[in-house]
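Heads up: the structure comes next, in structure tokens.
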Amino acid sequence: MNTPADEGNHNLRYAEYVLGVLDADARAEVAHEVRTSGEAATAVALWQRRLQPLAEEIAEAAPAPYVWARIHDALQLDAPPRSTPRQRLWDNLALWHWLGLGASAVAVALLLAVALPRRVPVPPPTTAAVTYMASTIKQGNGTTGWTATMDLQHARMVVVPATPATLAKGRAPELWLIPAGQKPIAVGMISRDQPTTLALAPVLLARLGPTAALAVSVEPPGGSPTGQPTGPVIAKGAIGAAPEA
């Protein structure tokens with residue numbers, strides 16, 4: 001019987017899988033779960049969505065001018081020369097006291113930043129813009145072949161295999177976007193055994209939504225030579241807003 005603590009630790013394994021910090025055996029075990037469990041595949045996709053923003057660069061912030069002015073004043077860099085022997089910098093008790101107070105303040109600030117949970121304001125659902133979409137791409141037998149998470153802000157899609165059907169040698173799965181009442185649009189080739197990240201061109205972003213669907217067809221390894229599906233469509237799924245993290 002799994003306790004809530006066990007379930008939480010189990011879910012954290014998916015985060016560690018996305019971060020790449022698991023050892024080889026644990027990573028192989030999670031990869032097997034992703035291939036055989038739609039729930040595990042969806043959990044990995046959600047962790048990818050949560051952790052991707054952490055990889056973005058943070059802009060450099062320059063200190064305010066008054067900070068340098070205070071340091072300049074504290075070090076007495078503008079003090080006039082005195083006739084008495086000048087006190088050495090490392091003998092200045094006031095300076096060490098000032099530096100000690102500053103270091104303590106920095107330590108407290110860092111401790112609070114790490115210990116206190118970050119509270120991100122959540123806008124009302126009626127006014128919030130959809131930035132992520134998701135799709136469960138199911139095969140003809142009802143099992144999940146792949147799950148897809150679409151990051152609209154960064155124009156990319158992460159497709160995670162769950163239990164895709166075995167294909168004949170020399171054949172590969174290709175993902176298509178099918179807008180309502182329109183011809184399929186090629187998204188890209190996807191993998192049967194590991195997550196695939198695909199860039200979303202503007203023409204694809206403009207057609208994503210609940211009236212469109214994703215589908216997977218069987219094609220040559222380089223993709224359909226005609227720009228339209230040439231092999232059988234083996235999986236299909238509707239597109240909707242991604243569940244809340």
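Identifiers in this document derive from the order of the structure tokens: chains are assigned A, B, ..., residues are numbered from 1 separately in each chain, and ligands are numbered from 1 in order of occurrence.
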
A:Thr131 environment, 7 Å, only C-alpha atoms, sequence neighbours closer than 5 positions dropped, as a PyMOL selection string
chain A and resi 151-153

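Summary of the local environment: counting only C-alpha atoms, residues at most 9 Å from A:His32, other than itself and those fewer than 4 positions away along its chain, are A:Arg27, A:Ala28, A:Thr36, A:Ser37, A:Ala162, A:Asp193.
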
With C-alpha atoms retained, export the selected residues as a PDB file, in the first residue's frame.
```pdb
ATOM      1  CA  ARG A  27      16.585   6.436 -15.277  1.00  0.00           C
ATOM      2  CA  ALA A  28      15.996   3.210 -17.236  1.00  0.00           C
ATOM      3  CA  THR A  36       4.142   1.699 -20.493  1.00  0.00           C
ATOM      4  CA  SER A  37       2.031   4.118 -18.438  1.00  0.00           C
ATOM      5  CA  ALA A 162       3.736   6.006 -23.629  1.00  0.00           C
ATOM      6  CA  ASP A 193      11.324   5.342 -27.165  1.00  0.00           C
TER       7      ASP A 193
END
```

Between A:Gln76, A:Gln139, A:Val21, A:Thr163, which one has atoms that come closest to A:Glu33, using only C-alpha atoms?
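Checking each of A:Gln76, A:Gln139, A:Val21, A:Thr163 against A:Glu33, counting only C-alpha atoms, the winner is A:Thr163.
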
Within 9 Å of stretch 210-216 of chain A, which residues of stretch 136-157 of chain A come that close, and what is the closest atom pair and distance in Å for each? Count only C-alpha atoms and give it as a Markdown table.
```
| residue | atom | partner | partner_atom | distance |
| --- | --- | --- | --- | --- |
| A:Thr136 | CA | A:Leu214 | CA | 8.8 |
| A:Ile137 | CA | A:Leu214 | CA | 7.0 |
| A:Lys138 | CA | A:Ala215 | CA | 8.9 |
| A:Gln139 | CA | A:Val216 | CA | 9.0 |
| A:Ala148 | CA | A:Leu214 | CA | 8.9 |
```

DSSP on the backbone: what in stretch 143-238 of chain A comes out strand (DSSP E or B), as a ChimeraX atom specification?
/A:144-151,156-161,172-178,185-189,196-199,213-219,233-238

Return the single residue from A:Ala172, A:Leu200, A:Ala165, A:Ala24 that is closest to A:Gly145, with distances computed using only C-alpha atoms.
A:Ala165

Residue nearest A:Trp176 - candidates A:Gly140, A:Glu60, A:Pro229, A:Leu198, atoms counted: only C-alpha atoms
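Selected residue with least distance to A:Trp176: A:Pro229.
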
Point-to-point distance in Å for atom CA of A:Ala45 and atom CA of A:Ala31
12.4 Å

Please report the interatomic distance between atom CA of A:Asn141 and atom CA of A:Ala235 in Å with one decimal.
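A separation of 9.3 Å between them.
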
Hey, can you check how far atom CA of A:Glu29 sits from atom CA of A:Pro173?
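Going from atom CA of A:Glu29 over to atom CA of A:Pro173 covers 23.8 Å.
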